[in-house]
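So this one's protein_0.cif, mmCIF, N, CA and C atoms:
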```cif
data_model
#
loop_
_atom_site.group_PDB
_atom_site.id
_atom_site.type_symbol
_atom_site.label_atom_id
_atom_site.label_comp_id
_atom_site.auth_asym_id
_atom_site.auth_seq_id
_atom_site.Cartn_x
_atom_site.Cartn_y
_atom_site.Cartn_z
ATOM 1 N N MET A 1 -48.242 39.732 163.266
ATOM 2 C CA MET A 1 -48.557 38.372 163.597
ATOM 3 C C MET A 1 -48.869 37.627 162.299
ATOM 4 N N VAL A 2 -48.366 36.431 162.175
ATOM 5 C CA VAL A 2 -48.607 35.602 161.004
ATOM 6 C C VAL A 2 -49.344 34.356 161.456
ATOM 7 N N THR A 3 -50.425 34.042 160.767
ATOM 8 C CA THR A 3 -51.172 32.824 161.077
ATOM 9 C C THR A 3 -51.267 31.981 159.820
ATOM 10 N N ASN A 4 -51.382 30.700 160.001
ATOM 11 C CA ASN A 4 -51.571 29.797 158.866
ATOM 12 C C ASN A 4 -53.051 29.714 158.561
ATOM 13 N N ARG A 5 -53.393 29.863 157.305
ATOM 14 C CA ARG A 5 -54.786 29.754 156.887
ATOM 15 C C ARG A 5 -54.922 28.552 155.966
ATOM 16 N N LEU A 6 -55.949 27.775 156.192
ATOM 17 C CA LEU A 6 -56.212 26.619 155.350
ATOM 18 C C LEU A 6 -57.015 27.060 154.138
ATOM 19 N N GLN A 7 -56.718 26.515 152.994
ATOM 20 C CA GLN A 7 -57.423 26.845 151.763
ATOM 21 C C GLN A 7 -58.411 25.732 151.437
ATOM 22 N N SER A 8 -59.592 26.115 150.995
ATOM 23 C CA SER A 8 -60.614 25.159 150.603
ATOM 24 C C SER A 8 -60.860 25.262 149.104
ATOM 25 N N ASP A 9 -61.113 24.121 148.470
ATOM 26 C CA ASP A 9 -61.411 24.111 147.043
ATOM 27 C C ASP A 9 -62.838 24.542 146.753
ATOM 28 N N THR A 10 -63.725 24.419 147.725
ATOM 29 C CA THR A 10 -65.132 24.744 147.547
ATOM 30 C C THR A 10 -65.458 26.042 148.283
ATOM 31 N N PRO A 11 -65.924 27.080 147.563
ATOM 32 C CA PRO A 11 -66.274 28.331 148.242
ATOM 33 C C PRO A 11 -67.391 28.118 149.266
ATOM 34 N N GLY A 12 -67.288 28.772 150.417
ATOM 35 C CA GLY A 12 -68.299 28.657 151.451
ATOM 36 C C GLY A 12 -68.156 27.438 152.319
ATOM 37 N N ARG A 13 -67.199 26.579 152.007
ATOM 38 C CA ARG A 13 -66.993 25.366 152.790
ATOM 39 C C ARG A 13 -65.626 25.443 153.448
ATOM 40 N N LEU A 14 -65.586 25.098 154.718
ATOM 41 C CA LEU A 14 -64.333 25.169 155.448
ATOM 42 C C LEU A 14 -63.422 24.012 155.065
ATOM 43 N N PRO A 15 -62.121 24.245 155.019
ATOM 44 C CA PRO A 15 -61.176 23.184 154.671
ATOM 45 C C PRO A 15 -61.050 22.163 155.793
ATOM 46 N N GLN A 16 -60.674 20.967 155.450
ATOM 47 C CA GLN A 16 -60.472 19.907 156.431
ATOM 48 C C GLN A 16 -59.020 19.922 156.891
ATOM 49 N N ALA A 17 -58.799 19.707 158.156
ATOM 50 C CA ALA A 17 -57.451 19.635 158.707
ATOM 51 C C ALA A 17 -57.433 18.575 159.793
ATOM 52 N N GLU A 18 -56.306 17.900 159.920
ATOM 53 C CA GLU A 18 -56.201 16.847 160.921
ATOM 54 C C GLU A 18 -56.146 17.440 162.325
ATOM 55 N N GLY A 19 -56.904 16.854 163.224
ATOM 56 C CA GLY A 19 -56.856 17.244 164.613
ATOM 57 C C GLY A 19 -57.553 18.560 164.939
ATOM 58 N N ILE A 20 -58.225 19.180 163.975
ATOM 59 C CA ILE A 20 -58.914 20.438 164.228
ATOM 60 C C ILE A 20 -60.410 20.206 164.085
ATOM 61 N N ALA A 21 -61.147 20.494 165.140
ATOM 62 C CA ALA A 21 -62.604 20.384 165.079
ATOM 63 C C ALA A 21 -63.149 21.646 164.405
ATOM 64 N N LEU A 22 -63.738 21.481 163.245
ATOM 65 C CA LEU A 22 -64.242 22.629 162.502
ATOM 66 C C LEU A 22 -65.658 22.971 162.943
ATOM 67 N N GLN A 23 -65.917 24.263 163.050
ATOM 68 C CA GLN A 23 -67.247 24.745 163.393
ATOM 69 C C GLN A 23 -67.633 25.826 162.394
ATOM 70 N N SER A 24 -68.932 26.019 162.267
ATOM 71 C CA SER A 24 -69.405 27.117 161.434
ATOM 72 C C SER A 24 -69.019 28.436 162.077
ATOM 73 N N ARG A 25 -68.744 29.421 161.222
ATOM 74 C CA ARG A 25 -68.351 30.735 161.723
ATOM 75 C C ARG A 25 -69.256 31.796 161.124
ATOM 76 N N LEU A 26 -69.381 32.913 161.843
ATOM 77 C CA LEU A 26 -70.251 33.992 161.428
ATOM 78 C C LEU A 26 -69.470 35.291 161.338
ATOM 79 N N GLY A 27 -69.681 36.020 160.242
ATOM 80 C CA GLY A 27 -69.104 37.349 160.091
ATOM 81 C C GLY A 27 -70.225 38.321 159.747
ATOM 82 N N ILE A 28 -70.250 39.460 160.411
ATOM 83 C CA ILE A 28 -71.303 40.453 160.188
ATOM 84 C C ILE A 28 -70.651 41.791 159.912
ATOM 85 N N THR A 29 -71.109 42.462 158.869
ATOM 86 C CA THR A 29 -70.642 43.812 158.602
ATOM 87 C C THR A 29 -71.846 44.701 158.314
ATOM 88 N N VAL A 30 -71.838 45.870 158.955
ATOM 89 C CA VAL A 30 -72.922 46.827 158.785
ATOM 90 C C VAL A 30 -72.282 48.204 158.645
ATOM 91 N N GLY A 31 -72.413 48.792 157.472
ATOM 92 C CA GLY A 31 -71.834 50.112 157.238
ATOM 93 C C GLY A 31 -72.645 51.225 157.868
ATOM 94 N N ARG A 32 -72.033 52.388 157.982
ATOM 95 C CA ARG A 32 -72.720 53.530 158.592
ATOM 96 C C ARG A 32 -73.918 53.999 157.784
ATOM 97 N N LYS A 33 -73.916 53.752 156.480
ATOM 98 C CA LYS A 33 -75.039 54.165 155.642
ATOM 99 C C LYS A 33 -76.318 53.389 155.961
ATOM 100 N N ALA A 34 -76.165 52.254 156.634
ATOM 101 C CA ALA A 34 -77.326 51.422 156.938
ATOM 102 C C ALA A 34 -78.241 52.056 157.976
ATOM 103 N N GLY A 35 -77.721 52.927 158.811
ATOM 104 C CA GLY A 35 -78.551 53.572 159.811
ATOM 105 C C GLY A 35 -77.755 53.964 161.035
ATOM 106 N N PRO A 36 -78.448 54.501 162.032
ATOM 107 C CA PRO A 36 -77.769 54.917 163.259
ATOM 108 C C PRO A 36 -77.147 53.723 163.990
ATOM 109 N N SER A 37 -76.189 54.009 164.846
ATOM 110 C CA SER A 37 -75.452 52.941 165.529
ATOM 111 C C SER A 37 -76.358 52.044 166.371
ATOM 112 N N VAL A 38 -77.390 52.600 166.961
ATOM 113 C CA VAL A 38 -78.307 51.791 167.773
ATOM 114 C C VAL A 38 -78.948 50.700 166.915
ATOM 115 N N LYS A 39 -79.405 51.065 165.728
ATOM 116 C CA LYS A 39 -80.030 50.093 164.825
ATOM 117 C C LYS A 39 -79.008 49.102 164.281
ATOM 118 N N ARG A 40 -77.811 49.587 163.938
ATOM 119 C CA ARG A 40 -76.768 48.692 163.419
ATOM 120 C C ARG A 40 -76.391 47.643 164.466
ATOM 121 N N ASN A 41 -76.207 48.072 165.702
ATOM 122 C CA ASN A 41 -75.820 47.145 166.766
ATOM 123 C C ASN A 41 -76.942 46.175 167.114
ATOM 124 N N ARG A 42 -78.191 46.644 167.071
ATOM 125 C CA ARG A 42 -79.334 45.761 167.321
ATOM 126 C C ARG A 42 -79.392 44.667 166.255
ATOM 127 N N PHE A 43 -79.165 45.054 164.997
ATOM 128 C CA PHE A 43 -79.167 44.085 163.913
ATOM 129 C C PHE A 43 -78.092 43.027 164.147
ATOM 130 N N LYS A 44 -76.887 43.443 164.520
ATOM 131 C CA LYS A 44 -75.799 42.497 164.755
ATOM 132 C C LYS A 44 -76.122 41.560 165.918
ATOM 133 N N ARG A 45 -76.712 42.090 166.990
ATOM 134 C CA ARG A 45 -77.092 41.239 168.120
ATOM 135 C C ARG A 45 -78.124 40.199 167.695
ATOM 136 N N ARG A 46 -79.086 40.623 166.881
ATOM 137 C CA ARG A 46 -80.129 39.689 166.421
ATOM 138 C C ARG A 46 -79.540 38.590 165.544
ATOM 139 N N VAL A 47 -78.632 38.926 164.658
ATOM 140 C CA VAL A 47 -78.007 37.915 163.794
ATOM 141 C C VAL A 47 -77.182 36.950 164.636
ATOM 142 N N ARG A 48 -76.412 37.471 165.589
ATOM 143 C CA ARG A 48 -75.611 36.601 166.461
ATOM 144 C C ARG A 48 -76.499 35.648 167.274
ATOM 145 N N GLU A 49 -77.617 36.168 167.758
ATOM 146 C CA GLU A 49 -78.533 35.338 168.536
ATOM 147 C C GLU A 49 -79.132 34.237 167.664
ATOM 148 N N TRP A 50 -79.515 34.570 166.437
ATOM 149 C CA TRP A 50 -80.040 33.555 165.514
ATOM 150 C C TRP A 50 -78.977 32.484 165.278
ATOM 151 N N PHE A 51 -77.749 32.915 165.031
ATOM 152 C CA PHE A 51 -76.659 31.974 164.753
ATOM 153 C C PHE A 51 -76.406 31.066 165.960
ATOM 154 N N ARG A 52 -76.445 31.629 167.144
ATOM 155 C CA ARG A 52 -76.216 30.843 168.355
ATOM 156 C C ARG A 52 -77.256 29.732 168.489
ATOM 157 N N HIS A 53 -78.502 30.026 168.152
ATOM 158 C CA HIS A 53 -79.581 29.039 168.262
ATOM 159 C C HIS A 53 -79.585 28.031 167.119
ATOM 160 N N HIS A 54 -79.037 28.383 165.960
ATOM 161 C CA HIS A 54 -79.157 27.528 164.783
ATOM 162 C C HIS A 54 -77.849 26.910 164.311
ATOM 163 N N ARG A 55 -76.760 27.188 164.973
ATOM 164 C CA ARG A 55 -75.462 26.665 164.540
ATOM 165 C C ARG A 55 -75.481 25.141 164.426
ATOM 166 N N ASP A 56 -76.104 24.461 165.368
ATOM 167 C CA ASP A 56 -76.114 23.001 165.359
ATOM 168 C C ASP A 56 -77.006 22.418 164.268
ATOM 169 N N ARG A 57 -77.881 23.205 163.673
ATOM 170 C CA ARG A 57 -78.764 22.716 162.607
ATOM 171 C C ARG A 57 -78.112 22.779 161.230
ATOM 172 N N LEU A 58 -76.972 23.419 161.110
ATOM 173 C CA LEU A 58 -76.276 23.477 159.825
ATOM 174 C C LEU A 58 -75.704 22.099 159.521
ATOM 175 N N ARG A 59 -75.855 21.655 158.296
ATOM 176 C CA ARG A 59 -75.462 20.299 157.914
ATOM 177 C C ARG A 59 -73.964 20.058 158.018
ATOM 178 N N GLU A 60 -73.182 21.040 157.676
ATOM 179 C CA GLU A 60 -71.728 20.929 157.733
ATOM 180 C C GLU A 60 -71.160 22.299 158.083
ATOM 181 N N PRO A 61 -69.928 22.358 158.567
ATOM 182 C CA PRO A 61 -69.344 23.650 158.928
ATOM 183 C C PRO A 61 -69.230 24.581 157.715
ATOM 184 N N VAL A 62 -69.725 25.788 157.861
ATOM 185 C CA VAL A 62 -69.670 26.788 156.788
ATOM 186 C C VAL A 62 -69.302 28.142 157.384
ATOM 187 N N ASP A 63 -68.787 29.017 156.544
ATOM 188 C CA ASP A 63 -68.580 30.408 156.912
ATOM 189 C C ASP A 63 -69.782 31.197 156.416
ATOM 190 N N ILE A 64 -70.440 31.908 157.311
ATOM 191 C CA ILE A 64 -71.595 32.721 156.949
ATOM 192 C C ILE A 64 -71.187 34.180 157.089
ATOM 193 N N ILE A 65 -71.363 34.940 156.031
ATOM 194 C CA ILE A 65 -71.043 36.356 156.057
ATOM 195 C C ILE A 65 -72.317 37.135 155.772
ATOM 196 N N VAL A 66 -72.711 37.981 156.705
ATOM 197 C CA VAL A 66 -73.912 38.796 156.568
ATOM 198 C C VAL A 66 -73.474 40.235 156.328
ATOM 199 N N ILE A 67 -73.874 40.782 155.192
ATOM 200 C CA ILE A 67 -73.594 42.175 154.867
ATOM 201 C C ILE A 67 -74.930 42.900 154.873
ATOM 202 N N ALA A 68 -75.111 43.752 155.863
ATOM 203 C CA ALA A 68 -76.409 44.403 156.052
ATOM 204 C C ALA A 68 -76.576 45.605 155.133
ATOM 205 N N ARG A 69 -77.777 45.765 154.666
ATOM 206 C CA ARG A 69 -78.170 46.944 153.890
ATOM 207 C C ARG A 69 -79.328 47.609 154.621
ATOM 208 N N ARG A 70 -79.654 48.797 154.226
ATOM 209 C CA ARG A 70 -80.650 49.601 154.937
ATOM 210 C C ARG A 70 -81.996 48.884 155.142
ATOM 211 N N PRO A 71 -82.592 48.227 154.140
ATOM 212 C CA PRO A 71 -83.901 47.592 154.384
ATOM 213 C C PRO A 71 -83.851 46.485 155.437
ATOM 214 N N GLY A 72 -82.733 45.788 155.543
ATOM 215 C CA GLY A 72 -82.632 44.686 156.488
ATOM 216 C C GLY A 72 -82.458 45.107 157.925
ATOM 217 N N ILE A 73 -81.994 46.309 158.152
ATOM 218 C CA ILE A 73 -81.735 46.795 159.503
ATOM 219 C C ILE A 73 -83.011 46.837 160.335
ATOM 220 N N ASP A 74 -84.136 47.133 159.720
ATOM 221 C CA ASP A 74 -85.389 47.303 160.452
ATOM 222 C C ASP A 74 -86.202 46.022 160.599
ATOM 223 N N LEU A 75 -85.673 44.869 160.151
ATOM 224 C CA LEU A 75 -86.403 43.621 160.298
ATOM 225 C C LEU A 75 -86.506 43.242 161.768
ATOM 226 N N GLY A 76 -87.655 42.694 162.138
ATOM 227 C CA GLY A 76 -87.836 42.206 163.497
ATOM 228 C C GLY A 76 -87.066 40.915 163.703
ATOM 229 N N LEU A 77 -86.971 40.477 164.938
ATOM 230 C CA LEU A 77 -86.209 39.281 165.281
ATOM 231 C C LEU A 77 -86.708 38.042 164.550
ATOM 232 N N VAL A 78 -88.009 37.813 164.569
ATOM 233 C CA VAL A 78 -88.585 36.626 163.925
ATOM 234 C C VAL A 78 -88.440 36.710 162.413
ATOM 235 N N GLU A 79 -88.726 37.885 161.844
ATOM 236 C CA GLU A 79 -88.635 38.051 160.394
ATOM 237 C C GLU A 79 -87.196 37.881 159.908
ATOM 238 N N LEU A 80 -86.248 38.412 160.639
ATOM 239 C CA LEU A 80 -84.835 38.250 160.284
ATOM 240 C C LEU A 80 -84.444 36.779 160.346
ATOM 241 N N GLY A 81 -84.898 36.091 161.385
ATOM 242 C CA GLY A 81 -84.613 34.665 161.516
ATOM 243 C C GLY A 81 -85.195 33.854 160.377
ATOM 244 N N GLU A 82 -86.401 34.213 159.934
ATOM 245 C CA GLU A 82 -87.019 33.505 158.804
ATOM 246 C C GLU A 82 -86.203 33.696 157.535
ATOM 247 N N HIS A 83 -85.733 34.915 157.302
ATOM 248 C CA HIS A 83 -84.914 35.186 156.113
ATOM 249 C C HIS A 83 -83.612 34.388 156.152
ATOM 250 N N LEU A 84 -82.936 34.397 157.295
ATOM 251 C CA LEU A 84 -81.668 33.681 157.410
ATOM 252 C C LEU A 84 -81.870 32.178 157.252
ATOM 253 N N SER A 85 -82.911 31.646 157.876
ATOM 254 C CA SER A 85 -83.189 30.209 157.764
ATOM 255 C C SER A 85 -83.480 29.817 156.321
ATOM 256 N N ARG A 86 -84.257 30.639 155.631
ATOM 257 C CA ARG A 86 -84.592 30.343 154.235
ATOM 258 C C ARG A 86 -83.344 30.397 153.355
ATOM 259 N N LEU A 87 -82.494 31.392 153.570
ATOM 260 C CA LEU A 87 -81.284 31.517 152.767
ATOM 261 C C LEU A 87 -80.332 30.340 152.949
ATOM 262 N N LEU A 88 -80.298 29.780 154.151
ATOM 263 C CA LEU A 88 -79.388 28.672 154.429
ATOM 264 C C LEU A 88 -80.052 27.312 154.279
ATOM 265 N N GLY A 89 -81.310 27.294 153.866
ATOM 266 C CA GLY A 89 -82.005 26.030 153.617
ATOM 267 C C GLY A 89 -82.394 25.288 154.884
ATOM 268 N N LEU A 90 -82.636 26.011 155.969
ATOM 269 C CA LEU A 90 -83.063 25.382 157.217
ATOM 270 C C LEU A 90 -84.577 25.445 157.311
ATOM 271 N N ASP A 91 -85.182 24.377 157.771
ATOM 272 C CA ASP A 91 -86.631 24.358 157.965
ATOM 273 C C ASP A 91 -86.944 24.886 159.344
ATOM 274 N N ALA A 92 -87.873 25.832 159.406
ATOM 275 C CA ALA A 92 -88.294 26.364 160.702
ATOM 276 C C ALA A 92 -89.185 25.356 161.384
ATOM 277 N N PRO A 93 -88.947 25.050 162.674
ATOM 278 C CA PRO A 93 -89.809 24.099 163.375
ATOM 279 C C PRO A 93 -91.226 24.648 163.519
ATOM 280 N N GLN A 94 -92.204 23.777 163.383
ATOM 281 C CA GLN A 94 -93.604 24.161 163.483
ATOM 282 C C GLN A 94 -94.102 23.900 164.908
ATOM 283 N N VAL A 95 -94.731 24.904 165.501
ATOM 284 C CA VAL A 95 -95.300 24.767 166.835
ATOM 285 C C VAL A 95 -96.729 25.289 166.775
ATOM 286 N N ALA A 96 -97.702 24.426 166.987
ATOM 287 C CA ALA A 96 -99.125 24.793 167.015
ATOM 288 C C ALA A 96 -99.528 25.592 165.773
ATOM 289 N N GLY A 97 -99.054 25.145 164.595
ATOM 290 C CA GLY A 97 -99.454 25.785 163.353
ATOM 291 C C GLY A 97 -98.712 27.047 163.028
ATOM 292 N N LYS A 98 -97.782 27.481 163.867
ATOM 293 C CA LYS A 98 -97.020 28.691 163.611
ATOM 294 C C LYS A 98 -95.537 28.338 163.512
ATOM 295 N N ALA A 99 -94.842 29.086 162.671
ATOM 296 C CA ALA A 99 -93.399 28.892 162.578
ATOM 297 C C ALA A 99 -92.739 29.591 163.766
ATOM 298 N N GLN A 100 -91.945 28.850 164.494
ATOM 299 C CA GLN A 100 -91.240 29.429 165.637
ATOM 300 C C GLN A 100 -89.757 29.360 165.348
ATOM 301 N N ASP A 101 -89.090 30.474 165.406
ATOM 302 C CA ASP A 101 -87.696 30.526 165.024
ATOM 303 C C ASP A 101 -86.741 30.406 166.198
ATOM 304 N N PHE A 102 -87.189 30.761 167.385
ATOM 305 C CA PHE A 102 -86.261 30.708 168.513
ATOM 306 C C PHE A 102 -86.801 29.870 169.611
#
```

Please express what this file holds, its structure, as structure tokens.
Amino acid sequence: MVTNRLQSDTPGRLPQAEGIALQSRLGITVGRKAGPSVKRNRFKRRVREWFRHHRDRLREPVDIIVIARRPGIDLGLVELGEHLSRLLGLDAPQVAGKAQDF
């Protein structure tokens, strides 16, 4: 199968095309060295859930690629969300003096 791919001049930024609504995309890779399959799959579910809740807060469409390493696999849902939000420059909403990510 052959597909046409659009090229962008700016890394991390999706190319513009006429008539195509661009959205942010997420790619996740977790190698076997990162841990058992249960932990690897839990990590991927948590990242996907964070992305689902925060996709609309991204300023412009971007490709996000998450490459998991062993220390990141054991992060809790909130802690993982805080790391991802900080890396992408998103402000966590404040609720009653606490940062709430979801």

Query raised in the report: Which residues come within 10 Å of Ser85 in chain A, counting only C-alpha atoms, excluding same-chain residues fewer than 4 positions away, as an NGL selection string?
Result: :A and (50-51 or 54 or 57-58 or 79-81 or 89-92 or 101)

**Report entry** Counting only C-alpha atoms, the residue of A:Ile28, A:Ala34, A:Leu88, A:Leu22 that sits nearest Arg69 in chain A
**Finding:**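 Closest to Arg69 in chain A of all the choices is A:Ala34.
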
Report task. Tell me, as a list of chain:residue names, which residues lie within 8 Å of Ile65 in chain A, counting all atoms listed in the file; anything in the same chain fewer than 6 positions away does not count. Result -> A:Arg25, A:Leu26, A:Gly27, A:Ile28, A:Thr29

Report task. Write out as a PyMOL selection string all residues of range 10-76 of chain A that DSSP puts in strand (DSSP E or B) for this structure's backbone. Result -> chain A and resi 13+25-30+62-68

**Report entry** d(CA of Leu77 in chain A, CA of Asp56 in chain A) in Å
**Finding:** 19.2 Å
